[in-house]
Amino acid sequence: MLTFVVLSVLMIVGAVGVITLKQPVHAALSLVATLLTLAVTYVTLQAHFLAAIQVIVYAGAIMVLFLFVIMLLNIQGDQPQPHFRWMQIVAYLTALLAAGAIAATAFLSPRELPNAELMSEALAGGGAAAIGEALFNDFVLAFQLVGVLLLTGIIGAVSLVQRKATQTAKDERELSGV
Amino acid sequence: MPLVLPDIDWLTLAPLLVLLSTASLAALYALYNRSSKAVALLALLGLAVAAIFNLQLFVASRAGELRSSFGLRYLADQGALAFNFVILLGAALAILISYDYLKRAELEQPEYYPLMLLSASGAMVMAAAGDLIILLLGLEIMSLAVYVLSAWRQQARESAEAGMKYFLLGAFASAFLIYGIALIYGATGFFSYPQIVAGLLAEGFEQIFLATLGGIMILAGLGFKVALVPFHQWAPDVYTGAPTPVTAFMSVVVKTAAFAALLRIFAFIYPELGVLAVQSLVVLIALTLIVGNFTALVQRGIKRMLAYSAVAHAGYLALAVLAAGNLGMRAAIWYLTAYTLMNAGAFAVLTLLSDRNDHGDDLERFAGLARSRPYLAAAMTVFLLSLAGIPLLAGFVGKILVFSAAIEAGYVSLTVIAIITSVVAMVYYLRPVMYMYFREPEYEPLQTNSRSTHIAIGIAVFGTVLLGIFPGWWYSLLDLGQSLLAGL
Amino acid sequence: MISLLIFLPLLGAALMPLFREPKAGKWLALLISALTTLLSLGLWLGYDLTQGGFQYLQELPWIPSLGINYIVALDGLSLPFVFLTALLTLVSVLAEWQRDDKGFFGMFLMMQGALIAVFVALDLILFFIAFELVLMPMFFIIGIWGYDQRRYAALKFLLYSLIGSVFLLLAILATAFIASGGGMISFDYRLLLTQLPAIAAAKGVLLLISSGFLVAFLIKLPAFPVHTWLPHAHTQAPTAGSILLAGVLLKMGGYGIIRFNLALFPEAMLSLQPFLATLAVIGILYGGYVAMGQTDLKKLVAYSSVNHMGFVLLGIASLTAFGVGGAVYQMVAHGIITGLMFMLVGMMSQRTHTRTIAAMKGMYSAMPVLGGLMWLAMLGGAGIPGMAGFIGEFQALLGAFQNPATAVFAVLSVFGILINGGLMLWTIQRVLQGEPSVQMQENYDLYDLKGLELAAAAPLVALAVLWGLWPPSLSPYIDRAVQPVLELVTNVTKVAGF
């Protein structure tokens with residue numbers, strides 16, 4: 001229980017850091033912290049396979065991509081001046097209120113954890129088999145649809161970039177024509 | 001460990017698979033041949049074939065045969081199939097409008113059509129989903145394509161802004177939806193609707209607060225997609241910034257799909273949740289009706305006015321959602337059919353009136369249109385009057401159906417608000433009509449013509465009038481005695 | 001047969017855009033309006049008075065699952081209005097013969113179809129649809145072919161009517177749901193009449209629902225505080241528009257009150273009686289008084305309509321057979337006489353290029369036939385015996401005297417008759433008598449009525465006199481229809497112990 005509390009506090013601090021830190025690099029690193037603590041939480045829940053995936057995919061690949069982009073584009077943290085000061089205050093208040101409400105709901109009706117023995121049995125061997133079975137049985141449609149989603153993303157991204165390229169080429173032609 | 005194969009009913013999936021494979025084929029074909037025409041025709045063909053399969057399923061479902069795939073995760077019940085028709089119709093109209101428009105605006109690129117098909121297939125997944133995860137994925141597929149499409153006019157600031165804004169706020173809304181799904185999963189331990197309901201009704205269930213909170217979060221996420229106030233902030237900017245055919249697509253297909261999903265979960269899950277979940281929708285509807293209609297009143301640009309009118313119509317539709325159950329479901333499907341025709345039609349007319357940079361939708365451009373382009377003005381009048389709910393046009397019947405459903409369900413005061421705000425709506429719908437007929441032209445009207453757009457307008461006018469005068473046949477087709485929703 | 005009356009004009013309107021020749025429009029309109037006039041006359045003559053009730057019934061399913069059906073029939077109440085609609089459309093077409101505009105005549109045909117549907121519909125939703133559908137053509141007629149302030153007038157007309165319609169729709173839905181009592185919903189008027197106890201049982205909302213109907217109809221009528229759309233709409237509309245507006249559109253209000261408010265909510269009518277009678281008297285006095293102050297001849301006629309419609313409301317509010325019958329008679333008479341008046345004013349201003357009363361003088365000596373007819377119409381408007389207007393006003397007043405509850409109001413409204421009579425005579429003096437000004441004589445060609453114009457005026461004049469001298473040709477039909485409705489009211493009165 002104690003580990004869970006410590007980990008959750010770390011996770012929340014990291015998440016808050018992502019949206020409050022002004023420097024993009026700092027924010028990205030803060031995100032890494034959150035993702036890593038999440039991976040550790042998976043480990044404490046015996047889900048070793050999921051933890052490994054979490055580290056490799058999110059904390060690893062995706063974060064590297066984030067940092068690459070930040071460094072390549074040399075994004076500097078800017079200091080946006082909020083137009084409406086009161087709006088900021090209202091936003092903070094709403095967020096606090098919502099967080100409070102959610103916490104209250106969660107703590108007011110606490111739920112017993114499932115049987116630990118049963119869980120570790122199901123997740124035997126890190127849970128790869130269990131995940132696989134769920135993924136290709138109950139969630140096979142979802143699995144396929146994720147594929148479609150990725151296809152959509154690829155077509156969309158390519159067409160946007162490609163159009164920019166053709167547009168630039170055309171503009172250049174027109175310029176040289178003049 | 002024996003491997004259990006999931007149950008797959010291929011016929012159930014056929015409309016979806018047809019669309020997906022057409023989209024893939026079209027995308028591949030576009031690599032070798034950059035002709036938009038071929039790709040657009042292919043896309044239309046795909047929609048037609050999907051519609052034929054859908055018809056076959058619809059006939060079967062009317063005969064009492066309820067099909068589903070993946071253990072009730074993908075449903076082909078009467079509700080889903082009827083929504084599929086609406087989605088396919090909306091997509092076909094959008095493609096017809098797009099073809100010449102893209103050429104004129106020099107935005108031609110064949111990838112446009114596969115993206116639209118992908119988006120439509122996402123919409124169909126949402127309508128058929130019997131599982132929250134499937135619903136989420138359908139929503140993401142649909143939205144992702146629309147994000148790209150709304151930024152299609154990249155060189156224009158407002159289009160890029162539209163895409164960006166829609167994307168950011170859409171991602172935000174998805175986060176709400178995911179969180180809501182997670183909470184419901186946390187409370188019940190299931191994703192699929194029947195199991196969730198069973199979990200909620202199970203003896204000794206104590207997580208009702210958590211589940212209700214999840215329900216409200218899901219409502220917020222879907223409310224964003226259909227633009228319920230206060231989740232409507234994106235709508236005016238995105239509607240105005242996006243290329244007009246994309247706006248048409250967005251306003252009909254995306255809305256239909258989101259309402260299909262909302263109706264289903266509202267009919268299944270919400271009755272078992274705390275009363276708070278239903279109450280929050282009541283508040284949202286009241287806000288939507290009032291804010292949507294009154295804000296539309298002060299708009300000068302037709303496109304922006306239509307954006308707010310779309311918000312207001314979301315309010316009327318949500319009224320039918322409240323009356324979930326058969327009556328509300330039928331009313332909503334009927335209303336969405338009418339709405340698809342008249343709204344897509346109105347946007348189609350707009351594409352012919354705005355210049356290649358998508359400007360010129362302000363009210364003054366409409367002055368004297370009745371004289372310079374009488375048929376176009378007449379078509380626009382039909383659409384606007386139908387949106388306003390004038391009798392003998394489809395919009396009126398839709399409103400009557402929705403209002404009766406809401407009164408039957410006991411939401412009388414909300415119906416009163418809806419009816420009163422619909423008078424306000426008359427004013428802003430009639431204003432362009434007055435400009436068209438009662439004033440002299442102020443600008444040289446654009447003589448843009450396009451065969452495909454004319455076809456789309458023709459279909460829309462015909463449908464609006466037909467459904468307005470003979471509403472019974474489509475309404476009785478939706479009549480099935482038993483629940484429109486399979487699974488329970 | 002009745003459906004033919006509705007759909008023949010609508011079909012004509014739909015065919016209008018197909019003609020290339022602009023002149024074809026008016027010929028088609030003439031043909032169709034003449035046909036419908038003959039047809040409606042035939043229906044009237046074929047109506048079996050001894051049997052009474054709804055005849056020529058036609059029923060078709062429309063949206064059966066919602067209890068909405070196409071049900072049309074005629075009774076003594078609707079017969080005169082249907083005939084009036086068809087006749088006035090024919091007259092309007094003739095009065096506007098100089099126009100070569102397809103759209104204009106198309107709108108008229110559409111309005112005719114919708115108006116007839118209003119008077120024959122026995123399904124509440126069908127009635128509502130027709131009621132709304134009437135607005136659109138009139139909106140376009142005022143807005144496109146009207147005078148200078150036409151846009152404002154058109155919008156004002158439409159908005160007032162739409163606000164009324166909203167309450168009407170709400171009330172219709174509520175009535176049907178209450179009457180259904182949780183069972184199958186139906187909007188069938190005849191069925192609702194059998195459910196009166198169920199409707200009356202809903203004590204809390206009864207007054208509210210009945211007011212919903214009432215608001216829509218009072219705006220249409222128009223009664224005092226909501227009459228302000230009428231002067232604008234009338235003055236800005238083209239001549240034929242004014243004829244139909246005054247002749248038939250206003251009658252939808254009175255018809256609606258009798259058909260729905262009286263029949264479906266007798267209790268509510270009883271408790272609203274003083275309120276309605278007050279509105280009626282205010283309308284009578286105020287309408288006459290304001291008409292006095294008008295400088296525009298058309299506006300004067302418009303305000304005098306407010307006065308005349310006040311008598312209609314007074315007759316209805318009396319809740320006596322005599323009063324209600326008189327109200328209907330007055331509506332028919334007003335349709336004929338005011339229609340004639342608007343037509344003559346239109347022809348006059350077409351020749352003099354003005355509608356200012358002060359500028360028109362000695363019209364009788366310049367154009368004897370036109371002036372003579374104007375004399376007749378004005379006297380008819382003043383309600384002199386021998387013209388149809390007299391019978392209606394007299395009967396309505398008598399009805400109001402019969403009921404002790406409204407006798408006071410009847411006394412007050414006698415002053416209204418005096419004001420109105422004085423107004424008409426004064427107008428005759430200002431417009432018709434004397435010699436036209438030199439400037440007018442020199443600048444404009446003051447030719448007298450031509451054949452076609454005379455043909456348009458003739459039937460109206462004939463009917464105004466016929467129904468003034470021989471009421472039995474009209475009132476038995478009205479009484480036959482009004483009687484059963486008032487039995488409902490008297491039942492309530494007995495139960496309540498009045």
# chains A, B, ... in the order shown; residues from 1 in each chain; ligands from 1

$ closest_atom_pairs --of "chain B" --to "chain C" --cutoff "6 Å" --atoms "only C-alpha atoms" --output "CSV"
residue,atom,partner,partner_atom,distance
B:Pro391,CA,C:Ile129,CA,5.3
B:Phe438,CA,C:Ile144,CA,5.2
B:Gly472,CA,C:Ile63,CA,4.5

$ write_last_selection --atoms "C-alpha atoms" --output "mmCIF file, in the first residue's frame"
data_model
loop_
_atom_site.group_PDB
_atom_site.id
_atom_site.type_symbol
_atom_site.label_atom_id
_atom_site.label_comp_id
_atom_site.auth_asym_id
_atom_site.auth_seq_id
_atom_site.Cartn_x
_atom_site.Cartn_y
_atom_site.Cartn_z
ATOM 1 C CA PRO B 391 -44.163 22.434 -42.363
ATOM 2 C CA PHE B 438 -36.405 40.996 -50.885
ATOM 3 C CA GLY B 472 -44.465 7.930 -42.789
#

$ residues_around --residues "region 428-436 of chain B" --least-positions-apart "2" --cutoff "10 Å" --atoms "only C-alpha atoms" --output "PyMOL selection string"
(chain B and resi 293-302+305-306+309+362-374+377-378+380-389+423-426+438-441) or (chain C and resi 139-140+143-144+151+154-155+158)

$ write_last_selection --atoms "N, CA and C atoms" --output "short mmCIF file (atom, residue, chain, number, x, y, z; two decimals), in the first residue's frame"
data_model
loop_
_atom_site.label_atom_id
_atom_site.label_comp_id
_atom_site.auth_asym_id
_atom_site.auth_seq_id
_atom_site.Cartn_x
_atom_site.Cartn_y
_atom_site.Cartn_z
N ASN B 293 -29.00 28.92 -30.22
CA ASN B 293 -29.92 29.70 -31.03
C ASN B 293 -29.67 31.19 -30.92
N PHE B 294 -29.39 31.66 -29.71
CA PHE B 294 -29.23 33.10 -29.58
C PHE B 294 -27.91 33.58 -30.18
N THR B 295 -26.88 32.75 -30.13
CA THR B 295 -25.62 33.17 -30.73
C THR B 295 -25.73 33.17 -32.26
N ALA B 296 -26.46 32.21 -32.76
CA ALA B 296 -26.64 32.17 -34.22
C ALA B 296 -27.34 33.42 -34.71
N LEU B 297 -28.15 33.98 -33.84
CA LEU B 297 -28.95 35.15 -34.22
C LEU B 297 -28.08 36.33 -34.61
N VAL B 298 -26.90 36.46 -34.01
CA VAL B 298 -26.10 37.67 -34.24
C VAL B 298 -24.98 37.45 -35.25
N GLN B 299 -24.98 36.31 -35.94
CA GLN B 299 -23.90 36.07 -36.90
C GLN B 299 -24.18 36.76 -38.23
N ARG B 300 -23.11 37.25 -38.84
CA ARG B 300 -23.26 37.84 -40.17
C ARG B 300 -22.91 36.85 -41.27
N GLY B 301 -21.95 36.00 -40.97
CA GLY B 301 -21.53 35.03 -41.99
C GLY B 301 -22.45 33.82 -41.96
N ILE B 302 -22.82 33.35 -43.17
CA ILE B 302 -23.75 32.23 -43.24
C ILE B 302 -23.11 30.97 -42.67
N MET B 305 -23.15 31.15 -39.05
CA MET B 305 -24.54 30.99 -38.60
C MET B 305 -24.92 29.51 -38.63
N LEU B 306 -24.53 28.83 -39.73
CA LEU B 306 -24.85 27.40 -39.82
C LEU B 306 -24.13 26.60 -38.74
N SER B 309 -26.12 27.05 -35.79
CA SER B 309 -27.37 26.32 -35.98
C SER B 309 -27.12 24.83 -35.78
N ASP B 362 -20.77 35.99 -46.51
CA ASP B 362 -21.50 36.94 -45.69
C ASP B 362 -22.87 37.24 -46.31
N LEU B 363 -23.73 37.74 -45.48
CA LEU B 363 -25.12 37.90 -45.83
C LEU B 363 -25.32 38.74 -47.09
N GLU B 364 -24.47 39.75 -47.27
CA GLU B 364 -24.65 40.67 -48.39
C GLU B 364 -24.54 39.93 -49.73
N ARG B 365 -23.76 38.86 -49.74
CA ARG B 365 -23.60 38.11 -50.99
C ARG B 365 -24.91 37.46 -51.42
N PHE B 366 -25.79 37.30 -50.47
CA PHE B 366 -27.05 36.63 -50.79
C PHE B 366 -28.09 37.59 -51.35
N ALA B 367 -27.79 38.88 -51.25
CA ALA B 367 -28.78 39.86 -51.68
C ALA B 367 -29.13 39.65 -53.15
N GLY B 368 -30.40 39.58 -53.42
CA GLY B 368 -30.86 39.50 -54.81
C GLY B 368 -30.52 38.21 -55.52
N LEU B 369 -30.16 37.20 -54.77
CA LEU B 369 -29.79 35.93 -55.41
C LEU B 369 -30.97 35.33 -56.16
N ALA B 370 -32.16 35.63 -55.68
CA ALA B 370 -33.36 35.07 -56.32
C ALA B 370 -33.45 35.52 -57.76
N ARG B 371 -32.91 36.70 -58.04
CA ARG B 371 -32.99 37.19 -59.40
C ARG B 371 -31.84 36.64 -60.25
N SER B 372 -30.64 36.63 -59.66
CA SER B 372 -29.50 36.23 -60.48
C SER B 372 -29.40 34.72 -60.63
N ARG B 373 -29.72 34.00 -59.57
CA ARG B 373 -29.65 32.54 -59.67
C ARG B 373 -30.88 31.93 -59.02
N PRO B 374 -32.01 31.99 -59.70
CA PRO B 374 -33.28 31.62 -59.06
C PRO B 374 -33.32 30.19 -58.52
N ALA B 377 -31.23 29.87 -55.41
CA ALA B 377 -31.89 30.55 -54.30
C ALA B 377 -33.06 29.72 -53.80
N ALA B 378 -33.81 29.12 -54.74
CA ALA B 378 -34.95 28.30 -54.32
C ALA B 378 -34.47 27.11 -53.50
N MET B 380 -31.71 26.86 -51.75
CA MET B 380 -31.23 27.32 -50.45
C MET B 380 -32.42 27.62 -49.54
N THR B 381 -33.47 28.20 -50.14
CA THR B 381 -34.66 28.51 -49.34
C THR B 381 -35.27 27.24 -48.77
N VAL B 382 -35.34 26.22 -49.60
CA VAL B 382 -35.89 24.95 -49.11
C VAL B 382 -35.08 24.46 -47.92
N PHE B 383 -33.74 24.50 -48.04
CA PHE B 383 -32.92 23.98 -46.94
C PHE B 383 -33.09 24.82 -45.68
N LEU B 384 -33.06 26.13 -45.86
CA LEU B 384 -33.15 27.00 -44.68
C LEU B 384 -34.52 26.87 -44.01
N LEU B 385 -35.56 26.83 -44.81
CA LEU B 385 -36.90 26.70 -44.22
C LEU B 385 -37.05 25.35 -43.54
N SER B 386 -36.43 24.35 -44.12
CA SER B 386 -36.50 23.03 -43.50
C SER B 386 -35.75 23.03 -42.18
N LEU B 387 -34.57 23.67 -42.17
CA LEU B 387 -33.82 23.77 -40.92
C LEU B 387 -34.63 24.54 -39.88
N ALA B 388 -35.36 25.54 -40.37
CA ALA B 388 -36.16 26.34 -39.45
C ALA B 388 -37.37 25.57 -38.94
N GLY B 389 -37.74 24.52 -39.65
CA GLY B 389 -38.87 23.72 -39.20
C GLY B 389 -40.19 24.20 -39.74
N VAL B 423 -38.40 29.40 -32.35
CA VAL B 423 -38.89 30.64 -32.98
C VAL B 423 -37.72 31.58 -33.24
N VAL B 424 -36.82 31.65 -32.24
CA VAL B 424 -35.63 32.46 -32.43
C VAL B 424 -34.90 31.98 -33.67
N ALA B 425 -34.85 30.65 -33.80
CA ALA B 425 -34.15 30.07 -34.93
C ALA B 425 -34.74 30.54 -36.26
N MET B 426 -36.06 30.67 -36.27
CA MET B 426 -36.71 31.10 -37.51
C MET B 426 -36.11 32.40 -38.01
N PHE B 438 -35.83 39.67 -51.07
CA PHE B 438 -36.41 41.00 -50.89
C PHE B 438 -35.42 42.11 -51.21
N ARG B 439 -34.23 41.80 -51.66
CA ARG B 439 -33.25 42.85 -51.90
C ARG B 439 -32.69 42.77 -53.30
N GLU B 440 -32.08 43.89 -53.68
CA GLU B 440 -31.41 43.91 -54.98
C GLU B 440 -29.99 43.40 -54.79
N PRO B 441 -29.41 42.82 -55.83
CA PRO B 441 -28.04 42.32 -55.71
C PRO B 441 -27.06 43.45 -55.41
N PHE C 139 -45.77 35.87 -46.59
CA PHE C 139 -44.47 36.50 -46.28
C PHE C 139 -43.77 36.93 -47.57
N PHE C 140 -43.77 36.05 -48.54
CA PHE C 140 -43.11 36.39 -49.79
C PHE C 140 -43.91 37.43 -50.57
N GLY C 143 -43.19 40.64 -48.89
CA GLY C 143 -41.78 41.00 -48.95
C GLY C 143 -41.27 41.29 -50.34
N ILE C 144 -41.79 40.60 -51.34
CA ILE C 144 -41.27 40.81 -52.70
C ILE C 144 -42.07 41.86 -53.45
N ARG C 151 -40.12 44.93 -46.34
CA ARG C 151 -39.30 43.97 -45.61
C ARG C 151 -39.67 43.95 -44.13
N ALA C 154 -43.15 42.46 -43.70
CA ALA C 154 -43.18 41.01 -43.90
C ALA C 154 -42.63 40.30 -42.67
N LEU C 155 -41.51 40.81 -42.17
CA LEU C 155 -40.89 40.15 -41.03
C LEU C 155 -41.78 40.26 -39.81
N LEU C 158 -44.60 37.87 -40.07
CA LEU C 158 -44.19 36.49 -39.89
C LEU C 158 -43.86 36.20 -38.43
#

$ residues_around --residues "region 155-165 of chain A" --least-positions-apart "4" --cutoff "12 Å" --atoms "only C-alpha atoms" --output "JSON, numbers by chain"
{"A": [148, 149, 150, 151, 169, 170, 171, 172], "B": [23, 24, 26, 27, 28, 30, 31, 106, 107, 108, 109, 110, 111, 112, 113, 114, 115, 116, 117, 118, 119, 141, 142, 143, 144, 145, 146, 147, 148, 149, 150, 151, 152, 153, 154, 155, 156, 160, 163]}

$ write_last_selection --atoms "C-alpha atoms" --output "mmCIF file, in the first residue's frame"
data_model
loop_
_atom_site.group_PDB
_atom_site.id
_atom_site.type_symbol
_atom_site.label_atom_id
_atom_site.label_comp_id
_atom_site.auth_asym_id
_atom_site.auth_seq_id
_atom_site.Cartn_x
_atom_site.Cartn_y
_atom_site.Cartn_z
ATOM 1 C CA VAL A 148 -7.113 1.067 -39.275
ATOM 2 C CA LEU A 149 -6.478 4.019 -37.012
ATOM 3 C CA LEU A 150 -2.771 3.886 -37.744
ATOM 4 C CA LEU A 151 -3.465 3.604 -41.463
ATOM 5 C CA ALA A 169 7.582 23.385 -55.538
ATOM 6 C CA LYS A 170 4.785 25.113 -57.385
ATOM 7 C CA ASP A 171 5.431 28.402 -55.662
ATOM 8 C CA GLU A 172 9.083 28.164 -56.572
ATOM 9 C CA ALA B 23 -10.297 3.290 -48.943
ATOM 10 C CA SER B 24 -7.138 1.191 -49.079
ATOM 11 C CA ALA B 26 -8.178 4.155 -53.478
ATOM 12 C CA ALA B 27 -5.131 5.177 -51.492
ATOM 13 C CA LEU B 28 -2.996 2.647 -53.364
ATOM 14 C CA ALA B 30 -3.700 7.239 -55.939
ATOM 15 C CA LEU B 31 -0.009 6.374 -55.766
ATOM 16 C CA GLU B 106 -6.722 24.011 -56.285
ATOM 17 C CA LEU B 107 -6.819 21.638 -53.393
ATOM 18 C CA GLU B 108 -7.112 18.571 -55.546
ATOM 19 C CA GLN B 109 -5.340 15.589 -54.182
ATOM 20 C CA PRO B 110 -6.680 12.059 -54.417
ATOM 21 C CA GLU B 111 -5.907 11.163 -50.797
ATOM 22 C CA TYR B 112 -8.861 13.311 -49.825
ATOM 23 C CA TYR B 113 -11.369 10.621 -50.763
ATOM 24 C CA PRO B 114 -9.799 7.674 -48.934
ATOM 25 C CA LEU B 115 -9.611 9.831 -45.843
ATOM 26 C CA MET B 116 -13.293 10.602 -46.123
ATOM 27 C CA LEU B 117 -14.101 6.925 -46.507
ATOM 28 C CA LEU B 118 -11.960 6.053 -43.517
ATOM 29 C CA SER B 119 -13.731 8.668 -41.496
ATOM 30 C CA ILE B 141 -10.591 6.757 -36.650
ATOM 31 C CA MET B 142 -13.384 9.097 -37.618
ATOM 32 C CA SER B 143 -11.861 12.112 -35.927
ATOM 33 C CA LEU B 144 -8.295 11.653 -37.043
ATOM 34 C CA ALA B 145 -9.347 11.748 -40.673
ATOM 35 C CA VAL B 146 -11.484 14.809 -40.099
ATOM 36 C CA TYR B 147 -8.638 16.622 -38.329
ATOM 37 C CA VAL B 148 -6.566 16.231 -41.450
ATOM 38 C CA LEU B 149 -9.416 17.118 -43.771
ATOM 39 C CA SER B 150 -10.257 20.317 -41.926
ATOM 40 C CA ALA B 151 -6.682 21.471 -42.328
ATOM 41 C CA TRP B 152 -6.778 20.628 -46.043
ATOM 42 C CA ARG B 153 -6.388 24.220 -47.121
ATOM 43 C CA GLN B 154 -3.064 24.505 -45.422
ATOM 44 C CA GLN B 155 -1.889 27.715 -46.955
ATOM 45 C CA ALA B 156 -4.872 29.517 -45.489
ATOM 46 C CA ALA B 160 -4.716 25.396 -40.538
ATOM 47 C CA GLY B 163 -7.377 21.717 -38.082
#

$ residues_around --residues "region 76-85 of chain B" --least-positions-apart "3" --cutoff "9 Å" --atoms "only C-alpha atoms" --output "ChimeraX atom specification"
/B:12-13,15,51,54-55,57-58,61-62,65-69,88-90,123-124,126-129,256-257,260,264,329-330,333,336-337,478,480,483-487

$ residues_around --residues "Met348 (chain C)" --least-positions-apart "6" --cutoff "12 Å" --atoms "only C-alpha atoms" --output "VMD selection string"
chain C and resid 95 239 297 to 298 341 to 342 354 to 357 359 to 364 366 to 371 373 to 374 431 to 432 444 to 449 453

$ write_last_selection --atoms "C-alpha atoms" --output "JSON list (two decimals), in the first residue's frame"
[["chain", "number", "residue", "atom", "x", "y", "z"],
["C", 95, "ALA", "CA", -57.68, 42.45, -59.51],
["C", 239, "THR", "CA", -53.71, 44.92, -53.34],
["C", 297, "LEU", "CA", -56.68, 55.35, -46.85],
["C", 298, "LYS", "CA", -55.38, 51.79, -46.80],
["C", 341, "MET", "CA", -62.78, 47.85, -49.96],
["C", 342, "PHE", "CA", -59.14, 46.90, -50.28],
["C", 354, "THR", "CA", -51.36, 58.17, -53.86],
["C", 355, "ARG", "CA", -53.11, 56.73, -50.88],
["C", 356, "THR", "CA", -53.24, 59.91, -48.84],
["C", 357, "ILE", "CA", -56.82, 60.75, -47.99],
["C", 359, "ALA", "CA", -55.01, 64.21, -51.83],
["C", 360, "MET", "CA", -58.02, 62.23, -52.98],
["C", 361, "LYS", "CA", -61.10, 64.28, -53.34],
["C", 362, "GLY", "CA", -64.11, 64.04, -55.53],
["C", 363, "MET", "CA", -63.34, 60.56, -56.68],
["C", 364, "TYR", "CA", -67.02, 59.93, -57.24],
["C", 366, "ALA", "CA", -64.22, 61.61, -61.56],
["C", 367, "MET", "CA", -64.97, 57.91, -61.64],
["C", 368, "PRO", "CA", -68.66, 57.29, -60.98],
["C", 369, "VAL", "CA", -68.65, 53.53, -61.08],
["C", 370, "LEU", "CA", -65.57, 53.10, -58.91],
["C", 371, "GLY", "CA", -66.77, 55.83, -56.59],
["C", 373, "LEU", "CA", -68.93, 50.95, -55.46],
["C", 374, "MET", "CA", -66.74, 52.61, -52.87],
["C", 431, "VAL", "CA", -62.60, 60.92, -50.52],
["C", 432, "LEU", "CA", -65.67, 60.66, -52.67],
["C", 444, "TYR", "CA", -53.26, 61.47, -63.93],
["C", 445, "ASP", "CA", -55.66, 59.61, -66.09],
["C", 446, "LEU", "CA", -58.64, 59.03, -63.85],
["C", 447, "TYR", "CA", -60.35, 56.40, -65.97],
["C", 448, "ASP", "CA", -63.28, 54.50, -64.57],
["C", 449, "LEU", "CA", -63.47, 50.78, -63.90],
["C", 453, "GLU", "CA", -62.06, 45.17, -62.78]]

$ residues_around --residues "Val69 (chain A)" --least-positions-apart "6" --cutoff "12 Å" --atoms "only C-alpha atoms" --output "PDB file with N, CA and C atoms, in the first residue's frame"
ATOM      1  N   PRO A  24      10.146  23.389 -22.564  1.00  0.00           N
ATOM      2  CA  PRO A  24       9.657  22.127 -23.154  1.00  0.00           C
ATOM      3  C   PRO A  24      10.497  20.925 -22.743  1.00  0.00           C
ATOM      4  N   VAL A  25      11.808  21.097 -22.647  1.00  0.00           N
ATOM      5  CA  VAL A  25      12.656  19.959 -22.308  1.00  0.00           C
ATOM      6  C   VAL A  25      12.344  19.485 -20.897  1.00  0.00           C
ATOM      7  N   ALA A  28       9.140  17.618 -20.922  1.00  0.00           N
ATOM      8  CA  ALA A  28       9.294  16.288 -21.503  1.00  0.00           C
ATOM      9  C   ALA A  28       9.928  15.350 -20.488  1.00  0.00           C
ATOM     10  N   ILE A  62       8.848   6.775 -27.654  1.00  0.00           N
ATOM     11  CA  ILE A  62       8.058   7.987 -27.862  1.00  0.00           C
ATOM     12  C   ILE A  62       8.736   9.206 -27.251  1.00  0.00           C
ATOM     13  N   MET A  63       9.329   9.000 -26.060  1.00  0.00           N
ATOM     14  CA  MET A  63       9.971  10.149 -25.430  1.00  0.00           C
ATOM     15  C   MET A  63      11.192  10.609 -26.222  1.00  0.00           C
ATOM     16  N   ILE A  75      12.926  24.510 -29.836  1.00  0.00           N
ATOM     17  CA  ILE A  75      11.814  25.251 -29.237  1.00  0.00           C
ATOM     18  C   ILE A  75      12.266  25.860 -27.919  1.00  0.00           C
TER      19      ILE A  75
END

$ residues_around --residues "Ala235 (chain B)" --least-positions-apart "6" --cutoff "10 Å" --atoms "only C-alpha atoms" --output "ChimeraX atom specification"
/B:162,165-166,224-228,241,247,250-251,304,307-308,310-311

$ closest_residue --among "A:Gly127, A:Gly153, A:Gly147, A:Gly60" --to "chain B" --atoms "only C-alpha atoms"
A:Gly153

$ closest_residue --among "C:Val345, C:Met387, C:Ala200, C:Leu28" --to "Ile243 (chain C)" --atoms "only C-alpha atoms"
C:Val345

$ atom_distance --atom1 "CA of Lys203 (chain C)" --atom2 "CA of Leu319 (chain C)"
20.8 Å

$ select_by_dssp --residues "region 9-248 of chain C" --states "alpha helix (DSSP H)" --output "VMD selection string"
chain C and resid 9 to 15 24 to 46 78 to 95 102 to 120 124 to 145 150 to 180 189 to 194 196 to 201 203 to 220 229 to 236 239 to 244

$ closest_residue --among "C:Ala377, C:Met331, C:Leu4, C:Leu31" --to "Val461 (chain C)" --atoms "only C-alpha atoms"
C:Ala377
